[in-house]
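Below: the structure, in structure tokens.
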Number of protein chains: 4
Amino acid sequence: MAAKLEGIFTPPLVPLDDRGAINEAELRRFLNWLIENGVHGLYPNGSTGEFTRLNAEERRRIVKIACEEARGRVPVLAGAAEANVKETLAACETYAQYGARAVALIPPFYFRLNPESVYAYFAEIARDTPIDVTLYNIPAFTSPIDIPTIRRLVEFPRVIGIKDSTGDVAFMERMISAVRPVRPDFAFLTGWEAVLVPMLLIGCNGGTHASSNAIPEVIRKLYDLTRASRFDEAMKLQFRVLELFDTMLNPFEFPDGFRAAAEMRGFSFGRGRQPMTASQQVDRAALQSVLRCILADFGLVEPPAEGCAPRTGLTSRDKVAQIVFEVMQELEQRGVICAKR
Amino acid sequence: MAAKLEGIFTPPLVPLDDRGAINEAELRRFLNWLIENGVHGLYPNGSTGEFTRLNAEERRRIVKIACEEARGRVPVLAGAAEANVKETLAACETYAQYGARAVALIPPFYFRLNPESVYAYFAEIARDTPIDVTLYNIPAFTSPIDIPTIRRLVEFPRVIGIKDSTGDVAFMERMISAVRPVRPDFAFLTGWEAVLVPMLLIGCNGGTHASSNAIPEVIRKLYDLTRASRFDEAMKLQFRVLELFDTMLNPFEFPDGFRAAAEMRGFSFGRGRQPMTASQQVDRAALQSVLRCILADFGLVEPPAEGCAPRTGLTSRDKVAQIVFEVMQELEQRGVICAKR
Amino acid sequence: MAAKLEGIFTPPLVPLDDRGAINEAELRRFLNWLIENGVHGLYPNGSTGEFTRLNAEERRRIVKIACEEARGRVPVLAGAAEANVKETLAACETYAQYGARAVALIPPFYFRLNPESVYAYFAEIARDTPIDVTLYNIPAFTSPIDIPTIRRLVEFPRVIGIKDSTGDVAFMERMISAVRPVRPDFAFLTGWEAVLVPMLLIGCNGGTHASSNAIPEVIRKLYDLTRASRFDEAMKLQFRVLELFDTMLNPFEFPDGFRAAAEMRGFSFGRGRQPMTASQQVDRAALQSVLRCILADFGLVEPPAEGCAPRTGLTSRDKVAQIVFEVMQELEQRGVICAKR
Amino acid sequence: MAAKLEGIFTPPLVPLDDRGAINEAELRRFLNWLIENGVHGLYPNGSTGEFTRLNAEERRRIVKIACEEARGRVPVLAGAAEANVKETLAACETYAQYGARAVALIPPFYFRLNPESVYAYFAEIARDTPIDVTLYNIPAFTSPIDIPTIRRLVEFPRVIGIKDSTGDVAFMERMISAVRPVRPDFAFLTGWEAVLVPMLLIGCNGGTHASSNAIPEVIRKLYDLTRASRFDEAMKLQFRVLELFDTMLNPFEFPDGFRAAAEMRGFSFGRGRQPMTASQQVDRAALQSVLRCILADFGLVEPPAEGCAPRTGLTSRDKVAQIVFEVMQELEQRGVICAKR
């Protein structure tokens, strides 16, 4: 039997070139850097990989590249959601051939399905899939997978784990309570790095974290400290990861804040496929300064030339302070507002 | 300038064959029947057409067929949502060549976007599209388009209308208030046939209604009565349409109830692409009897052989009554429960 | 049998004096003015009357005053929600003695109850009440009353009507469908003046409208025009009422915008019991100018001295424009920003 | 300076007598039992105490009794929410005289307030209160208190802590991040015993837990084990508490499941003030058996005479199984269904 999924899986951002196509060379370089920085696995075609903004051919190409770069060093968990059961099963077939360890599947999106239909969808796939399946519960974006449905689905041996992106610790406990007695091999991964330490404490096997695109070594260290029961150090780091996570998550459209931070680590992701207005681009520039300051505190990048404003621990306030500061400077320079004396 | 979009547009269900592929012959026959029964236009690749369960090639094929069958008799409003701006624009180009009157576009789905991003997405398309665009607001399934965003978007001449599926009459009034003074040519369509009469009263130009797959002549009559200010007759019919609509909408997964009713009109839609469990199939059979009874009251189909139970005006109660009745009979026949004396 | 509840009921705002106590003289003057301006009934202790910010004794006193001022000219529908069944029944008893026509009851608030518990609560009251009861469905603030529950409750003869504040026209149709066949005497009132015309068209008997505190004669006219089937005139007025309603509802904390507008009609309501920050008070001042401009267009008050900016039909934009305009002027005067040339 | 609030606070259920009045003798006996079983404090007039179903006089009486029974052994945190600022301040005054350690205040309920108004309300109280104040964030029932608002409110020295009932661990981390640097004395209490262990791990000072009405010694032990960093034992107990908590919380109307379990410990709470239908009473009887089985596993009560069905770890399934089991037995005895052979 294959080993249980454990540790930190990165859902990689996808570098694009000037024409908006996949930048394959940069993607390969990025995946290698992630593995070298300690992540335990790759999860291409996750939400962070913006799989819904790619076409079916691009999604296959990305999994192929991920499997090639993994080269057996780390397992690949391949997002395989397609338009319907038949096409999802075809993707499963392909990803098995590429050498993926398993596929990850969200419930069908756009329509909101009731639990019985969510079960029907996964059951039809679980019966016929040639590769292990992990469920992906992300109710912010698609129909939820509730606990009775999970309990029914774990009766399929091909269903080997679940990723949950709610960040709800009690929900994770409930899943573990319902499933572990009947399937001790089943893997529980959290998608919410804000609570990685408590999630590991209560019994999670790891996580798939957008943040690990920007700070793979830090997320890995957070995992290792917790596994070693060094909770004091782990919680100190958890709070610092929280600040960065909130800054990447909230003021940006997902996953653009994670892209902005990962770029600072030396990669070129190009312009995302979701267009931005001029006003959003102005915002993004201001927010990048805050991100750079936080990353500089980790010692991972140089601080901005103009220096860093003191942060308050209240993320939203820091962002506004930084934006206001920069906008005021700009307006003053343009003579729109009077200079302070 | 092209005529304003007005009247009843049908978002056609897609007949599938035994292998789950598009049943082209049946689709053509169905589209003709719709036009002959009075609908003012076709809206392929709507939610009712389950565009997210089709692949990109199938979506193109369906629009092509719709344009061919329309043969200039009615306008075609083609759902053109694809994975990203570039691919959506390519679909716009293709549908313009096919002869569609306009395309209909939902905001990008899966991710939830803020209003500025919704604007950015539509603006980029509106600048470059070779064909008129209608917006499609359906917050139950994807990011909402709020009124300030609509107001900004109507500054693009290519944006010529909006379909709103909230059924919120006050929201429709707010849209009309904000837009009509600056764009008197702009078309407002509702997607909620439960309130078609009041929507037309307040100034809507028509609707795109899933129900018109099953009862095109009735929805057309509802429109004509209201346009003729025959409100008493219109409201009597509105209440009957409401009963049918609620029965097709609520106990089924969308749009399966509409498919079940349309099948009774003599078309073969095959098994939908969203799988069903055995228990859902049992449910569906019971619900079909209720649907058949309602359609029989319209004089559109024969009543079921076993006759119709009295309905109460409380849709959910009727459905349960019918299900319980049939289940009890079945259990009794199988000897699971004792016969009543 | 008592006449069915019909027409426009005003849920009166409560004037307070300098010490925050009920200003009885002003309340009496205000209630008389409402009746003289054509409202069909009074609904003291509604949400607009901020009954939750009063104590039990104050609520009784307000109903007493309303009954005294009504003097049989109009019916009084008395909000009678208290902490529990026993105390609510005691209020029913008292209000019956005061001469109220009926009481209005929301489901218990704070806790969210399931439908069975909502039924249990109303059923216990309906069995023992000495006065007719109207249900009040306001899911924005407390547990909803769903349609099967309404259907069960109308089996109590003492339950004679429902006020619904959702503004959901299809929901109103569903209630009417479920109830009217078994209880043709049952009254349906809407609490959403944004859609009063369509609500009356589909069969509502009237409404209880916060706006009628500020524009009783206009809401009455809206009702009369619709009842006379003069829909074109009615809809023109409906759109103007919508603009005012949205301006009173959205940028203020409920019901402070309605209070601000009613004050302009010549009444002194004092400072509400919900405190405001300094920044909210600045906002309120700017918003009052917009309200004054809208009321001036109705010919009901004088326009502001500084004149009115053109409005756009997009309420939120107008408000911001007005605020920005006033703030900019202020900043310029204080020398904070440079004067435009 | 008074000691920081720490440990387990019980929000006591209120025993009622046959006529529905407060059963003072039983309340005193119950409060003593709680203190003797190790809880660190009492929190009368919490949600579990159903303060909204009491009148103002009853609320005062309960706090008085709690202070008398505490006799300085444990601090009393008194729920002091009344109809408005003035009456809430009057309650604060009274509870200070009774000897309460602090009051606990939810944002005003019924109306949904924006953050600025939530701030205005608490600020007005914090300025004038004669007793320390803890905030109580319970967005399921009333307006949320967001983190920027909390950050503003901790500038008042009288605001000394917050209870949060969301169970959201990341939110708790965010509060701690924003507040602890400026107010190291500030107390963070969770109201969600399903995650007490992780909450303590990340830095919470304790909790106020409805479950401690039924199992005060167990919740205390959960606290002690975690404080002693005995996480393996703590998590084993956490999972068992979760099962009980979910069974008390979900299938019942809050807080009736907690009442049902506390009754088994030898107290008489009478019939709650929220009425129940006959069908709810049947349900409750079945659920009590499940509760008794769980409590028996803790060794706190005798198991039911008829024995316990095996539980599955999936709470909802267990409940249904038990109900179905009992209903089937009943139906069989009545001859409604055929006996199994």
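In the structure tokens, chains take letters A, B, ... by order of appearance, with residues numbered from 1 within each chain and ligands from 1 in the order shown.
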* **In stretch 43-211 of chain A, DSSP alpha helix (DSSP H) residues written as an NGL selection string** => :A and (56-70 or 85-98 or 115-128 or 147-153 or 169-179 or 196-202)
* **stretch 93-99 of chain A environment, 8 Å, only C-alpha atoms, sequence neighbours closer than 4 positions dropped, as a PyMOL selection string** => chain A and resi 60+63-64+67+76+78+89+103+129-131
What lies within 10 Å of B:Glu26 using only C-alpha atoms, ignoring chain neighbours under 2 positions off, as a tab-separated table (two decimals) with N, CA, C and O atoms, in the first residue's frame?
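So selection.tsv came out as:
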```tsv
chain	number	residue	atom	x	y	z
B	14	VAL	N	-30.35	20.44	-23.20
B	14	VAL	CA	-29.59	19.77	-24.26
B	14	VAL	C	-29.89	18.27	-24.25
B	14	VAL	O	-29.51	17.57	-23.31
B	15	PRO	N	-30.54	17.77	-25.30
B	15	PRO	CA	-30.77	16.32	-25.37
B	15	PRO	C	-29.45	15.57	-25.55
B	15	PRO	O	-28.60	15.98	-26.35
B	16	LEU	N	-29.29	14.51	-24.78
B	16	LEU	CA	-28.11	13.64	-24.90
B	16	LEU	C	-28.55	12.27	-25.39
B	16	LEU	O	-29.69	11.85	-25.18
B	17	ASP	N	-27.62	11.57	-26.06
B	17	ASP	CA	-27.97	10.22	-26.53
B	17	ASP	C	-27.55	9.17	-25.50
B	17	ASP	O	-27.13	9.52	-24.38
B	22	ILE	N	-24.12	14.76	-27.27
B	22	ILE	CA	-25.23	15.61	-27.74
B	22	ILE	C	-26.04	14.85	-28.80
B	22	ILE	O	-25.48	14.33	-29.76
B	23	ASN	N	-27.34	14.85	-28.60
B	23	ASN	CA	-28.24	14.21	-29.57
B	23	ASN	C	-28.71	15.31	-30.53
B	23	ASN	O	-29.70	16.00	-30.30
B	24	GLU	N	-27.95	15.47	-31.60
B	24	GLU	CA	-28.15	16.63	-32.46
B	24	GLU	C	-29.53	16.66	-33.11
B	24	GLU	O	-30.17	17.71	-33.18
B	28	ARG	N	-32.26	19.67	-32.60
B	28	ARG	CA	-32.83	20.46	-33.70
B	28	ARG	C	-34.37	20.40	-33.67
B	28	ARG	O	-35.05	21.41	-33.81
B	29	ARG	N	-34.89	19.20	-33.47
B	29	ARG	CA	-36.35	19.05	-33.41
B	29	ARG	C	-36.92	19.87	-32.25
B	29	ARG	O	-37.94	20.54	-32.39
B	30	PHE	N	-36.21	19.85	-31.11
B	30	PHE	CA	-36.67	20.56	-29.90
B	30	PHE	C	-36.65	22.08	-30.13
B	30	PHE	O	-37.62	22.78	-29.81
B	31	LEU	N	-35.58	22.58	-30.71
B	31	LEU	CA	-35.46	24.03	-30.94
B	31	LEU	C	-36.57	24.51	-31.87
B	31	LEU	O	-37.17	25.58	-31.67
B	32	ASN	N	-36.86	23.74	-32.89
B	32	ASN	CA	-37.94	24.10	-33.81
B	32	ASN	C	-39.30	24.14	-33.11
B	32	ASN	O	-40.10	25.05	-33.33
B	267	PHE	N	-40.14	14.82	-25.88
B	267	PHE	CA	-38.74	14.86	-26.29
B	267	PHE	C	-37.92	13.92	-25.41
B	267	PHE	O	-38.29	13.63	-24.28
B	268	SER	N	-36.81	13.48	-25.97
B	268	SER	CA	-35.96	12.55	-25.24
B	268	SER	C	-34.66	13.26	-24.91
B	268	SER	O	-33.87	13.59	-25.80
B	269	PHE	N	-34.45	13.52	-23.62
B	269	PHE	CA	-33.25	14.27	-23.23
B	269	PHE	C	-32.12	13.37	-22.74
B	269	PHE	O	-31.01	13.83	-22.55
```
* To do: Using only C-alpha atoms, pick whichever of A:Asn114, A:Thr149, A:Asn37, A:Thr312 has the shortest atom-to-atom distance to chain D.
  => A:Thr312
* Check: which chain B residues lie within 8 Å of chain A using only C-alpha atoms, as a PyMOL selection string -> chain B and resi 52-55+83-85+109-114+116-117+119-121+124+141-142+253-254+273-277+280
Requested write-out: N, CA, C and O atoms of the selected residues, as an mmCIF file, in the first residue's frame:
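As a result, out-v8.cif now contains:
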```cif
data_model
loop_
_atom_site.group_PDB
_atom_site.id
_atom_site.type_symbol
_atom_site.label_atom_id
_atom_site.label_comp_id
_atom_site.auth_asym_id
_atom_site.auth_seq_id
_atom_site.Cartn_x
_atom_site.Cartn_y
_atom_site.Cartn_z
ATOM 1 N N THR B 52 -21.667 24.391 -18.006
ATOM 2 C CA THR B 52 -20.440 23.991 -17.289
ATOM 3 C C THR B 52 -20.203 22.491 -17.327
ATOM 4 O O THR B 52 -19.134 22.020 -16.953
ATOM 5 N N ARG B 53 -21.222 21.744 -17.749
ATOM 6 C CA ARG B 53 -21.042 20.282 -17.853
ATOM 7 C C ARG B 53 -20.712 19.855 -19.284
ATOM 8 O O ARG B 53 -20.601 18.666 -19.575
ATOM 9 N N LEU B 54 -20.584 20.844 -20.160
ATOM 10 C CA LEU B 54 -20.172 20.605 -21.547
ATOM 11 C C LEU B 54 -18.711 21.031 -21.677
ATOM 12 O O LEU B 54 -18.220 21.834 -20.885
ATOM 13 N N ASN B 55 -18.036 20.528 -22.690
ATOM 14 C CA ASN B 55 -16.699 21.076 -22.942
ATOM 15 C C ASN B 55 -16.786 22.186 -23.994
ATOM 16 O O ASN B 55 -17.859 22.442 -24.565
ATOM 17 N N ALA B 83 -12.998 29.962 -20.056
ATOM 18 C CA ALA B 83 -12.111 29.935 -18.884
ATOM 19 C C ALA B 83 -11.462 31.277 -18.550
ATOM 20 O O ALA B 83 -11.093 31.521 -17.408
ATOM 21 N N ASN B 84 -11.304 32.154 -19.553
ATOM 22 C CA ASN B 84 -10.636 33.420 -19.290
ATOM 23 C C ASN B 84 -11.006 34.416 -20.391
ATOM 24 O O ASN B 84 -11.722 34.067 -21.337
ATOM 25 N N VAL B 85 -10.558 35.642 -20.248
ATOM 26 C CA VAL B 85 -10.953 36.706 -21.176
ATOM 27 C C VAL B 85 -10.637 36.336 -22.623
ATOM 28 O O VAL B 85 -11.477 36.490 -23.515
ATOM 29 N N PHE B 109 -16.669 32.387 -12.821
ATOM 30 C CA PHE B 109 -17.185 31.643 -11.674
ATOM 31 C C PHE B 109 -16.083 30.889 -10.965
ATOM 32 O O PHE B 109 -14.932 30.988 -11.308
ATOM 33 N N TYR B 110 -16.454 30.176 -9.916
ATOM 34 C CA TYR B 110 -15.605 29.476 -8.952
ATOM 35 C C TYR B 110 -15.064 30.488 -7.936
ATOM 36 O O TYR B 110 -15.545 30.516 -6.827
ATOM 37 N N PHE B 111 -14.085 31.287 -8.306
ATOM 38 C CA PHE B 111 -13.630 32.329 -7.391
ATOM 39 C C PHE B 111 -14.750 33.344 -7.189
ATOM 40 O O PHE B 111 -15.547 33.579 -8.088
ATOM 41 N N ARG B 112 -14.806 33.932 -5.997
ATOM 42 C CA ARG B 112 -15.759 35.027 -5.775
ATOM 43 C C ARG B 112 -14.981 36.321 -5.944
ATOM 44 O O ARG B 112 -14.019 36.572 -5.228
ATOM 45 N N LEU B 113 -15.427 37.149 -6.876
ATOM 46 C CA LEU B 113 -14.710 38.387 -7.188
ATOM 47 C C LEU B 113 -15.370 39.584 -6.531
ATOM 48 O O LEU B 113 -16.584 39.628 -6.369
ATOM 49 N N ASN B 114 -14.565 40.585 -6.215
ATOM 50 C CA ASN B 114 -15.147 41.835 -5.743
ATOM 51 C C ASN B 114 -15.642 42.654 -6.947
ATOM 52 O O ASN B 114 -15.310 42.348 -8.094
ATOM 53 N N GLU B 116 -14.931 45.476 -8.254
ATOM 54 C CA GLU B 116 -13.924 46.070 -9.141
ATOM 55 C C GLU B 116 -13.394 45.030 -10.138
ATOM 56 O O GLU B 116 -13.188 45.334 -11.316
ATOM 57 N N SER B 117 -13.227 43.816 -9.688
ATOM 58 C CA SER B 117 -12.733 42.762 -10.572
ATOM 59 C C SER B 117 -13.798 42.319 -11.568
ATOM 60 O O SER B 117 -13.481 41.986 -12.712
ATOM 61 N N TYR B 119 -15.991 44.297 -12.765
ATOM 62 C CA TYR B 119 -15.935 45.370 -13.760
ATOM 63 C C TYR B 119 -14.768 45.155 -14.723
ATOM 64 O O TYR B 119 -14.920 45.252 -15.942
ATOM 65 N N ALA B 120 -13.577 44.882 -14.166
ATOM 66 C CA ALA B 120 -12.373 44.733 -14.993
ATOM 67 C C ALA B 120 -12.564 43.647 -16.047
ATOM 68 O O ALA B 120 -12.175 43.811 -17.213
ATOM 69 N N TYR B 121 -13.185 42.558 -15.637
ATOM 70 C CA TYR B 121 -13.395 41.427 -16.542
ATOM 71 C C TYR B 121 -14.322 41.817 -17.695
ATOM 72 O O TYR B 121 -14.009 41.630 -18.871
ATOM 73 N N GLU B 124 -12.847 44.574 -20.102
ATOM 74 C CA GLU B 124 -11.856 44.098 -21.070
ATOM 75 C C GLU B 124 -12.544 43.408 -22.253
ATOM 76 O O GLU B 124 -12.133 43.573 -23.406
ATOM 77 N N PHE B 141 -25.010 31.401 -8.112
ATOM 78 C CA PHE B 141 -23.981 30.508 -8.657
ATOM 79 C C PHE B 141 -22.618 31.171 -8.842
ATOM 80 O O PHE B 141 -21.613 30.486 -8.955
ATOM 81 N N THR B 142 -22.590 32.504 -8.947
ATOM 82 C CA THR B 142 -21.287 33.146 -9.153
ATOM 83 C C THR B 142 -21.301 34.565 -8.581
ATOM 84 O O THR B 142 -22.286 34.971 -7.973
ATOM 85 N N GLU B 253 -32.493 18.568 -8.391
ATOM 86 C CA GLU B 253 -31.273 19.325 -8.653
ATOM 87 C C GLU B 253 -31.492 20.060 -9.975
ATOM 88 O O GLU B 253 -31.912 19.454 -10.966
ATOM 89 N N PHE B 254 -31.185 21.344 -9.994
ATOM 90 C CA PHE B 254 -31.350 22.130 -11.202
ATOM 91 C C PHE B 254 -30.468 21.575 -12.300
ATOM 92 O O PHE B 254 -29.296 21.284 -12.054
ATOM 93 N N ARG B 273 -25.849 14.744 -17.169
ATOM 94 C CA ARG B 273 -24.443 14.427 -16.886
ATOM 95 C C ARG B 273 -24.115 14.412 -15.397
ATOM 96 O O ARG B 273 -23.053 13.927 -15.018
ATOM 97 N N GLN B 274 -24.965 14.992 -14.578
ATOM 98 C CA GLN B 274 -24.761 14.886 -13.133
ATOM 99 C C GLN B 274 -25.375 13.567 -12.701
ATOM 100 O O GLN B 274 -26.580 13.370 -12.870
ATOM 101 N N PRO B 275 -24.562 12.641 -12.187
ATOM 102 C CA PRO B 275 -25.132 11.333 -11.822
ATOM 103 C C PRO B 275 -26.135 11.438 -10.676
ATOM 104 O O PRO B 275 -26.145 12.407 -9.925
ATOM 105 N N MET B 276 -26.982 10.434 -10.573
ATOM 106 C CA MET B 276 -27.972 10.364 -9.490
ATOM 107 C C MET B 276 -27.796 9.062 -8.733
ATOM 108 O O MET B 276 -27.505 8.030 -9.329
ATOM 109 N N THR B 277 -28.043 9.119 -7.411
ATOM 110 C CA THR B 277 -28.029 7.875 -6.633
ATOM 111 C C THR B 277 -29.353 7.140 -6.856
ATOM 112 O O THR B 277 -30.315 7.712 -7.376
ATOM 113 N N GLN B 280 -32.151 8.965 -5.299
ATOM 114 C CA GLN B 280 -32.608 10.114 -6.076
ATOM 115 C C GLN B 280 -33.486 9.680 -7.243
ATOM 116 O O GLN B 280 -34.416 10.387 -7.626
#
```
* **Pick from B:Ala126, B:Ile145, B:Cys204, B:Leu295 nearest to B:Ala170, counting only C-alpha atoms** => B:Cys204
* To do: Have a look at atom CA of B:Arg59 and atom CA of B:Pro44 and let me know their distance in Å, one decimal.
  =>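 Interatomic distance here is 8.4 Å.
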